[in-house]
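Source file: data29.csv; contents: CSV, C-alpha atoms.
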chain,number,residue,atom,x,y,z
A,196,MET,CA,4.3,-3.7,-1.9
A,197,GLU,CA,5.6,-3.0,1.6
A,198,GLN,CA,6.0,0.7,0.9
A,199,VAL,CA,2.4,1.2,0.0
A,200,SER,CA,0.1,3.1,2.3
A,201,MET,CA,-1.9,0.8,4.6
A,202,GLU,CA,-5.1,2.9,4.5
A,203,ALA,CA,-7.8,4.0,2.1
A,204,THR,CA,-8.8,7.6,2.8
A,205,ASN,CA,-12.2,9.0,3.9
A,206,PRO,CA,-15.0,6.7,2.8
A,207,ASN,CA,-17.5,9.4,2.1
A,208,PRO,CA,-16.7,11.6,-0.9
A,209,SER,CA,-19.3,14.3,0.1
A,210,SER,CA,-17.7,14.7,3.5
A,211,MET,CA,-14.4,15.9,1.8
A,212,SER,CA,-15.9,18.5,-0.4
A,213,GLY,CA,-15.2,21.2,2.2
A,214,VAL,CA,-11.5,20.8,1.7
A,215,ALA,CA,-11.6,21.2,-2.1
A,216,ASP,CA,-10.2,24.3,-3.8
A,217,ALA,CA,-13.1,26.6,-4.3
A,218,SER,CA,-11.3,29.1,-6.6
A,219,ALA,CA,-12.6,29.7,-10.0
A,220,ALA,CA,-11.8,27.1,-12.7
A,221,GLU,CA,-10.1,28.3,-15.9
A,222,LEU,CA,-11.5,27.5,-19.3
A,223,LEU,CA,-8.8,25.8,-21.2
A,224,CYS,CA,-7.4,28.0,-23.9
A,225,CYS,CA,-4.3,28.1,-26.1
A,226,ALA,CA,-2.1,29.9,-23.5
A,227,ASN,CA,-2.9,27.8,-20.5
A,228,ALA,CA,-3.1,24.5,-22.5
A,229,ARG,CA,0.6,25.1,-23.5
A,230,ALA,CA,1.5,26.0,-19.9
A,231,LEU,CA,-0.3,22.9,-18.6
A,232,LEU,CA,1.5,20.6,-21.0
A,233,ASP,CA,4.9,22.0,-20.1
A,234,SER,CA,4.2,21.6,-16.4
A,235,VAL,CA,3.1,18.0,-16.5
A,236,ASP,CA,5.0,14.8,-16.9
A,237,ALA,CA,2.1,12.3,-16.5
A,238,PHE,CA,-1.6,12.5,-17.4
A,239,LEU,CA,-4.0,10.4,-15.4
A,240,PHE,CA,-7.2,9.8,-17.4
A,241,ASP,CA,-10.6,8.5,-16.2
A,242,CYS,CA,-12.2,6.3,-18.8
A,243,ASP,CA,-16.0,6.4,-18.7
A,244,GLY,CA,-17.1,9.8,-20.1
A,245,VAL,CA,-13.5,10.8,-20.9
A,246,ILE,CA,-12.1,8.2,-23.2
A,247,TRP,CA,-15.3,6.4,-24.1
A,248,LYS,CA,-19.0,6.2,-23.4
A,249,GLY,CA,-20.0,2.5,-23.2
A,250,ASP,CA,-18.2,0.9,-26.1
A,251,LYS,CA,-17.9,4.1,-28.2
A,252,LEU,CA,-14.8,6.2,-28.3
A,253,ILE,CA,-15.2,9.9,-27.8
A,254,ASP,CA,-14.1,11.9,-30.9
A,255,GLY,CA,-10.4,12.8,-31.1
A,256,VAL,CA,-9.2,10.6,-28.2
A,257,PRO,CA,-6.7,8.4,-30.2
A,258,GLN,CA,-5.0,11.4,-31.8
A,259,THR,CA,-4.8,13.3,-28.5
A,260,LEU,CA,-3.2,10.3,-26.7
A,261,ASP,CA,-0.8,9.8,-29.6
A,262,MET,CA,0.3,13.5,-29.4
A,263,LEU,CA,0.9,13.3,-25.7
A,264,ARG,CA,3.0,10.1,-26.0
A,265,SER,CA,5.0,11.7,-28.8
A,266,LYS,CA,5.9,14.5,-26.4
A,267,GLY,CA,7.2,12.0,-23.8
A,268,LYS,CA,4.2,12.3,-21.4
A,269,LYS,CA,3.4,9.2,-19.3
A,270,LEU,CA,-0.3,8.1,-19.7
A,271,VAL,CA,-2.2,6.3,-16.9
A,272,PHE,CA,-5.8,5.3,-16.9
A,273,VAL,CA,-7.5,5.3,-13.5
A,274,THR,CA,-11.0,4.1,-13.5
A,275,ASN,CA,-13.6,3.5,-10.8
A,276,ASN,CA,-15.5,1.1,-13.0
A,277,SER,CA,-14.9,-2.3,-11.4
A,278,THR,CA,-16.6,-4.5,-13.9
A,279,LYS,CA,-13.4,-5.4,-15.6
A,280,SER,CA,-9.9,-6.4,-14.5
A,281,ARG,CA,-6.8,-4.6,-15.8
A,282,ILE,CA,-6.3,-7.4,-18.4
A,283,GLN,CA,-9.9,-7.1,-19.5
A,284,TYR,CA,-9.6,-3.3,-19.8
A,285,ALA,CA,-6.4,-3.7,-21.8
A,286,ASN,CA,-8.4,-5.9,-24.2
A,287,LYS,CA,-11.1,-3.2,-24.4
A,288,PHE,CA,-8.5,-0.5,-25.2
A,289,GLN,CA,-7.1,-2.8,-28.0
A,290,SER,CA,-10.6,-3.5,-29.4
A,291,LEU,CA,-11.1,0.3,-29.7
A,292,GLY,CA,-7.8,0.8,-31.5
A,293,LEU,CA,-5.9,2.2,-28.5
A,294,SER,CA,-2.5,0.8,-27.6
A,295,VAL,CA,-2.6,0.6,-23.8
A,296,ASN,CA,-1.2,-2.2,-21.7
A,297,GLN,CA,-2.5,-3.5,-18.4
A,298,TYR,CA,0.3,-1.9,-16.4
A,299,GLU,CA,-0.9,1.6,-17.5
A,300,ILE,CA,-4.4,0.8,-16.1
A,301,PHE,CA,-5.4,1.2,-12.4
A,302,SER,CA,-9.0,0.1,-11.8
A,303,SER,CA,-10.9,0.0,-8.6
A,304,SER,CA,-11.2,-3.8,-8.9
A,305,PHE,CA,-7.4,-3.9,-8.7
A,306,ALA,CA,-7.4,-1.4,-5.8
A,307,ALA,CA,-9.8,-3.7,-3.8
A,308,ALA,CA,-7.4,-6.7,-4.2
A,309,MET,CA,-4.4,-4.6,-3.4
A,310,TYR,CA,-6.0,-3.1,-0.3
A,311,LEU,CA,-6.4,-6.7,1.1
A,312,LYS,CA,-2.9,-7.6,0.0
A,313,VAL,CA,-1.1,-4.7,1.7
A,314,ASN,CA,-3.2,-5.1,4.8
A,315,GLN,CA,-2.2,-8.8,5.0
A,316,PHE,CA,-5.6,-10.2,4.7
A,317,PRO,CA,-5.4,-13.8,6.0
A,318,PRO,CA,-5.0,-16.3,3.1
A,319,HIS,CA,-7.4,-18.8,4.6
A,320,LYS,CA,-10.2,-16.2,4.6
A,321,LYS,CA,-12.5,-15.7,1.7
A,322,VAL,CA,-13.9,-12.7,0.0
A,323,TYR,CA,-17.6,-12.3,-1.0
A,324,VAL,CA,-18.2,-10.2,-4.1
A,325,ILE,CA,-21.1,-8.0,-5.1
A,326,GLY,CA,-19.9,-7.0,-8.5
A,327,GLY,CA,-18.6,-8.2,-11.8
A,328,GLU,CA,-15.9,-10.6,-13.1
A,329,GLY,CA,-13.3,-7.8,-12.9
A,330,ILE,CA,-13.3,-7.9,-9.1
A,331,VAL,CA,-13.3,-11.7,-9.0
A,332,GLN,CA,-10.4,-11.9,-11.4
A,333,GLU,CA,-8.2,-9.3,-9.6
A,334,LEU,CA,-8.8,-11.1,-6.3
A,335,GLN,CA,-7.8,-14.4,-7.8
A,336,LEU,CA,-4.7,-12.9,-9.3
A,337,ALA,CA,-3.8,-11.6,-5.9
A,338,GLY,CA,-4.1,-15.1,-4.4
A,339,PHE,CA,-7.5,-14.7,-2.7
A,340,THR,CA,-10.5,-17.0,-2.8
A,341,ALA,CA,-13.5,-15.1,-4.2
A,342,LEU,CA,-17.2,-16.1,-3.8
A,343,GLY,CA,-20.3,-14.6,-5.3
A,344,GLY,CA,-20.0,-12.2,-8.2
A,345,PRO,CA,-21.5,-13.4,-11.5
A,346,GLU,CA,-21.9,-16.9,-10.1
A,347,ASP,CA,-24.7,-15.6,-7.8
A,348,ALA,CA,-26.5,-13.7,-10.6
A,349,GLU,CA,-29.4,-16.2,-10.9
A,350,LYS,CA,-29.7,-17.2,-7.2
A,351,ARG,CA,-32.8,-16.2,-5.3
A,352,ALA,CA,-33.4,-15.8,-1.6
A,353,GLN,CA,-36.6,-17.3,-0.4
A,354,TRP,CA,-38.6,-16.5,2.8
A,355,LYS,CA,-39.6,-19.8,4.3
A,356,SER,CA,-40.5,-20.7,7.9
A,357,ASN,CA,-37.9,-22.7,9.7
A,358,CYS,CA,-35.4,-22.1,6.9
A,359,LEU,CA,-32.0,-20.6,7.6
A,360,PHE,CA,-30.1,-18.7,5.0
A,361,GLU,CA,-26.6,-20.2,5.1
A,362,HIS,CA,-23.4,-18.2,4.5
A,363,ASP,CA,-19.7,-19.1,4.6
A,364,LYS,CA,-18.3,-18.3,8.1
A,365,TYR,CA,-14.8,-18.0,6.6
A,366,VAL,CA,-15.7,-14.9,4.6
A,367,GLY,CA,-13.4,-12.2,6.0
A,368,ALA,CA,-14.3,-9.4,3.6
A,369,VAL,CA,-17.1,-8.3,1.4
A,370,VAL,CA,-16.2,-6.2,-1.7
A,371,VAL,CA,-19.1,-4.2,-3.3
A,372,GLY,CA,-18.8,-2.7,-6.8
A,373,LEU,CA,-20.9,-2.1,-9.9
A,374,ASP,CA,-23.2,-5.1,-10.4
A,375,PRO,CA,-25.8,-5.1,-13.1
A,376,ASP,CA,-27.1,-8.4,-11.7
A,377,ILE,CA,-27.6,-7.2,-8.1
A,378,ASN,CA,-30.3,-9.2,-6.4
A,379,TYR,CA,-31.7,-9.9,-2.9
A,380,TYR,CA,-29.7,-13.1,-2.5
A,381,LYS,CA,-26.4,-11.2,-2.8
A,382,LEU,CA,-27.6,-8.5,-0.5
A,383,GLN,CA,-28.6,-11.0,2.2
A,384,TYR,CA,-25.3,-12.9,1.8
A,385,ALA,CA,-23.2,-9.8,2.1
A,386,THR,CA,-25.3,-8.5,5.0
A,387,LEU,CA,-24.9,-11.8,7.0
A,388,CYS,CA,-21.1,-11.9,6.4
A,389,ILE,CA,-20.6,-8.3,7.6
A,390,ARG,CA,-22.9,-8.5,10.6
A,391,GLU,CA,-22.2,-12.0,11.8
A,392,ASN,CA,-18.6,-12.9,10.8
A,393,PRO,CA,-16.2,-11.4,13.4
A,394,GLY,CA,-14.0,-8.7,11.9
A,395,CYS,CA,-15.4,-9.0,8.4
A,396,LEU,CA,-14.3,-6.0,6.3
A,397,PHE,CA,-16.8,-4.0,4.2
A,398,ILE,CA,-14.9,-2.6,1.1
A,399,ALA,CA,-16.5,-0.5,-1.7
A,400,THR,CA,-14.7,-0.1,-5.0
A,401,ASN,CA,-16.3,3.4,-5.3
A,402,ARG,CA,-19.5,5.3,-4.6
A,403,ASP,CA,-20.2,6.8,-8.0
A,404,SER,CA,-23.9,7.6,-8.2
A,405,VAL,CA,-24.2,7.1,-12.0
A,406,GLY,CA,-22.0,6.3,-15.0
A,407,HIS,CA,-21.9,6.1,-18.8
A,408,MET,CA,-22.4,2.3,-19.2
A,409,THR,CA,-23.7,3.1,-22.7
A,410,ASP,CA,-23.1,5.9,-25.1
A,411,LEU,CA,-26.6,7.4,-25.0
A,412,GLN,CA,-27.4,7.7,-21.3
A,413,GLU,CA,-26.2,7.4,-17.7
A,414,TRP,CA,-27.0,4.4,-15.5
A,415,PRO,CA,-27.0,3.8,-11.8
A,416,GLY,CA,-23.4,3.4,-10.5
A,417,ALA,CA,-21.8,1.3,-7.8
A,418,GLY,CA,-22.9,3.9,-5.2
A,419,CYS,CA,-26.4,2.5,-5.1
A,420,MET,CA,-25.2,-1.0,-4.5
A,421,VAL,CA,-22.9,0.2,-1.8
A,422,ALA,CA,-25.8,2.2,-0.3
A,423,ALA,CA,-28.0,-0.9,-0.1
A,424,VAL,CA,-25.4,-2.7,1.9
A,425,CYS,CA,-24.8,0.3,4.1
A,426,GLY,CA,-28.5,0.3,4.9
A,427,SER,CA,-28.8,-3.3,5.8
A,428,THR,CA,-25.5,-3.5,7.8
A,429,GLU,CA,-25.7,0.0,9.3
A,430,GLN,CA,-22.0,0.3,8.5
A,431,GLU,CA,-19.9,2.6,6.3
A,432,PRO,CA,-17.4,1.0,3.9
A,433,ILE,CA,-13.7,1.4,3.2
A,434,VAL,CA,-13.6,3.1,-0.2
A,435,VAL,CA,-10.5,2.2,-2.3
A,436,GLY,CA,-11.4,3.9,-5.6
A,437,LYS,CA,-11.4,7.7,-6.3
A,438,PRO,CA,-11.5,10.1,-4.5
A,439,SER,CA,-9.6,7.9,-2.1
A,440,THR,CA,-5.9,8.4,-2.8
A,441,PHE,CA,-5.1,4.7,-2.1
A,442,MET,CA,-4.4,4.0,-5.8
A,443,MET,CA,-2.1,7.1,-5.9
A,444,ASP,CA,0.5,5.2,-3.7
A,445,PHE,CA,0.8,2.5,-6.4
A,446,LEU,CA,1.1,5.2,-9.1
A,447,LEU,CA,3.9,7.0,-7.3
A,448,GLN,CA,5.7,3.8,-6.7
A,449,LYS,CA,5.5,2.7,-10.3
A,450,PHE,CA,6.0,5.9,-12.3
A,451,ASN,CA,8.3,7.9,-9.9
A,452,VAL,CA,6.6,11.2,-10.8
A,453,SER,CA,5.8,13.9,-8.3
A,454,THR,CA,2.1,14.5,-7.9
A,455,SER,CA,2.7,18.2,-8.6
A,456,ARG,CA,3.8,17.1,-12.1
A,457,MET,CA,0.7,15.0,-12.7
A,458,CYS,CA,-2.7,16.1,-14.1
A,459,ILE,CA,-5.9,14.1,-13.6
A,460,VAL,CA,-8.4,14.4,-16.4
A,461,GLY,CA,-11.9,13.4,-15.5
A,462,ASP,CA,-15.6,14.0,-15.9
A,463,ARG,CA,-16.7,13.9,-12.3
A,464,LEU,CA,-16.1,16.5,-9.7
A,465,ASP,CA,-16.7,14.4,-6.6
A,466,THR,CA,-14.4,11.5,-7.7
A,467,ASP,CA,-11.9,12.5,-10.4
A,468,ILE,CA,-11.3,16.1,-9.5
A,469,LEU,CA,-11.4,15.6,-5.8
A,470,PHE,CA,-9.0,12.6,-6.2
A,471,GLY,CA,-6.5,14.9,-7.9
A,472,GLN,CA,-6.9,17.7,-5.4
A,473,ASN,CA,-6.5,15.3,-2.4
A,474,ALA,CA,-3.3,14.0,-4.0
A,475,GLY,CA,-1.9,17.4,-5.0
A,476,CYS,CA,-2.2,17.0,-8.8
A,477,LYS,CA,-3.3,19.5,-11.4
A,478,THR,CA,-6.9,18.9,-12.5
A,479,LEU,CA,-8.7,19.1,-15.8
A,480,LEU,CA,-12.5,18.6,-16.0
A,481,VAL,CA,-14.0,17.5,-19.3
A,482,LEU,CA,-17.7,18.1,-19.9
A,483,SER,CA,-18.1,15.0,-22.1
A,484,GLY,CA,-19.4,12.8,-19.3
A,485,VAL,CA,-21.3,13.2,-16.0
A,486,THR,CA,-20.6,16.9,-15.1
A,487,THR,CA,-22.3,19.7,-17.0
A,488,GLN,CA,-21.4,23.3,-17.2
A,489,SER,CA,-24.4,24.3,-15.0
A,490,THR,CA,-23.2,21.8,-12.3
A,491,LEU,CA,-19.7,23.2,-12.4
A,492,ASP,CA,-21.0,26.8,-12.1
A,493,ASP,CA,-23.6,26.0,-9.4
A,494,PRO,CA,-22.9,28.2,-6.4
A,495,SER,CA,-23.4,25.2,-4.1
A,496,ASN,CA,-20.5,23.4,-5.9
A,497,SER,CA,-17.3,23.7,-3.8
A,498,ILE,CA,-15.1,21.4,-6.0
A,499,LYS,CA,-13.5,23.5,-8.7
A,500,PRO,CA,-10.9,22.0,-11.1
A,501,ASP,CA,-7.8,24.0,-12.2
A,502,TYR,CA,-9.1,23.9,-15.8
A,503,TYR,CA,-12.1,22.7,-17.7
A,504,THR,CA,-13.0,22.0,-21.3
A,505,ASN,CA,-15.5,20.2,-23.5
A,506,LYS,CA,-13.6,17.1,-24.3
A,507,VAL,CA,-10.1,15.6,-24.2
A,508,SER,CA,-9.3,16.4,-27.9
A,509,ASP,CA,-9.6,20.1,-27.1
A,510,ILE,CA,-6.0,19.8,-25.9
A,511,LEU,CA,-5.0,18.8,-29.4
A,512,SER,CA,-6.8,21.6,-31.2
A,513,LEU,CA,-5.7,24.3,-28.7
A,514,LEU,CA,-2.1,23.4,-29.2
A,515,GLY,CA,-2.5,23.4,-32.9
A,516,GLU,CA,-1.1,19.9,-33.3
Mind turning this structure into structure tokens?
Amino acid sequence: MEQVSMEATNPNPSSMSGVADASAAELLCCANARALLDSVDAFLFDCDGVIWKGDKLIDGVPQTLDMLRSKGKKLVFVTNNSTKSRIQYANKFQSLGLSVNQYEIFSSSFAAAMYLKVNQFPPHKKVYVIGGEGIVQELQLAGFTALGGPEDAEKRAQWKSNCLFEHDKYVGAVVVGLDPDINYYKLQYATLCIRENPGCLFIATNRDSVGHMTDLQEWPGAGCMVAAVCGSTEQEPIVVGKPSTFMMDFLLQKFNVSTSRMCIVGDRLDTDILFGQNAGCKTLLVLSGVTTQSTLDDPSNSIKPDYYTNKVSDILSLLGE
């Protein structure tokens, strides 16, 4: 992994919107869909809101992925959702009838572990996790000792006179991701580690405000957990998920495809599309997830994709496959 970049880029997605391409996005049609397909060797797909919503596949996804593979296109799945490890995501794909292996999946949980690895995080130091089993598993696979996560879901912090809240002085990094079991105990533990342990890193898997955790509605994303720790520590995190291009270094190393021959397909402007633009990829926004047509067209929006369409399977229908 020595060739991989040592830094995650700008921690605040909103601060990068000024560099985004503000030209008009093209509605995907028969002509430009064919041109896009011919100009791309690898498609990078977000998952939530693009491939599925919760545990429900979006219509037409299997057939579209099969068509792209049949044309020799490389498929990669790049997700900010840190609740699962790559192995767990591979199992989810399989359960939904999609043939995807763990080496085609790049999750923000994996990115957090790799950030520590390439930056030579001391092996005797520990990592405290606000997040799910995905982060814990990826940290362990990378050889690190992880504390917290699901194990602290039921713990409670108590305000008592002459009672000190103890934390592990060997924690050298705190990783914050999506955590449906966020509680005051976890916030206090993370806060003490970051504020009192010398040199303790504050790493965020992503800052997504909301996400499609279920098929019928959006739910608060990792961004609100990260914001809570920002508030208590008065520090900004290192963000390793989209729109940071940290994961792109691994993609380039593994697939040997120029970013100009890649297309990122996502449902979020401030993460997926900005990620693609920061890396020099072509970008396709689908309106099946977080972003709506009105948000895309809003005059205040400065992040414009190259193309947009309603859902991934439009590629299939427009090409007449």
Let me know the centre plus edge lengths, in Å and rounded to one decimal, of a box with edges along x, y and z that contains all listed atoms of stretch 437-446 of chain A and is padded by 3 Å on every side, as AutoDock Vina command-line options.
--center_x -5.2 --center_y 6.3 --center_z -5.6 --size_x 18.6 --size_y 13.6 --size_z 13.0
Write out as a list in words each polymer residue whose atoms come within 9 Å of A:Phe240, counting only C-alpha atoms; drop sequence neighbours fewer than 4 positions from it. Val245, Ile246, Leu270, Val271, Phe272, Val273, Thr274, Cys458, Ile459, Val460, Gly461 and Asp467 of chain A
Which is closer to A:Glu429 than all the others in A:Tyr384, A:Phe470, A:Phe397, A:Phe445, using all atoms listed in the file?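 Selected residue with least distance to A:Glu429: A:Phe397.
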Kindly give the distance, in Å, that separates atom CA of A:Val435 and atom CA of A:Val313, rounded to a single decimal.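 Calculated distance between atom CA of A:Val435 and atom CA of A:Val313 is 12.3 Å.
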Among A:Asp363, A:Asp241, A:Glu328, A:Asp254, A:Ile282 is approached most closely, using all atoms listed in the file, by A:Glu328
Of the candidates A:Leu293, A:Leu311, A:Leu223, A:Cys388, which one gets nearest to A:Asn505 if we count only C-alpha atoms?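 Using only C-alpha atoms, A:Asn505 sits closest to A:Leu223.
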For A:Ile330, find every residue with an atom within 12 Å (counting only C-alpha atoms), except residues of its own chain fewer than 3 positions away, and show them as number ranges by chain. A: 275-283, 302-309, 322-327, 333-337, 339-345, 369-374, 398-400
Using only C-alpha atoms, which residues sit within 6 Å of stretch 409-416 of chain A once same-chain residues fewer than 4 positions away are excluded, as a PyMOL selection string? chain A and resi 248-249+403-405
List the neighbours of A:Gln258 out to 9 Å using all atoms listed in the file; skip same-chain residues closer than 4 positions along the sequence, and give me the result as a ChimeraX atom specification. /A:262-263,508,511
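Our summary of the geometry notes that atom CA of A:Ser234 is positioned 9.3 Å from atom CA of A:Lys477.
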Excluding A:Phe360 and its own-chain neighbours fewer than 2 positions away, which residues fall within 9 Å of it when counting all atoms listed in the file? Please give them as an NGL selection string. :A and (352-353 or 358 or 362 or 383-384 or 387)
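Nearest to A:Ile433 of all the residues A:Asn401, A:Asn286, A:Ser453, A:Asn357 is A:Asn401, counting all atoms listed in the file.
The interatomic distance for the pair atom CA of A:Tyr503 and atom CA of A:Met457 works out to 15.8 Å.
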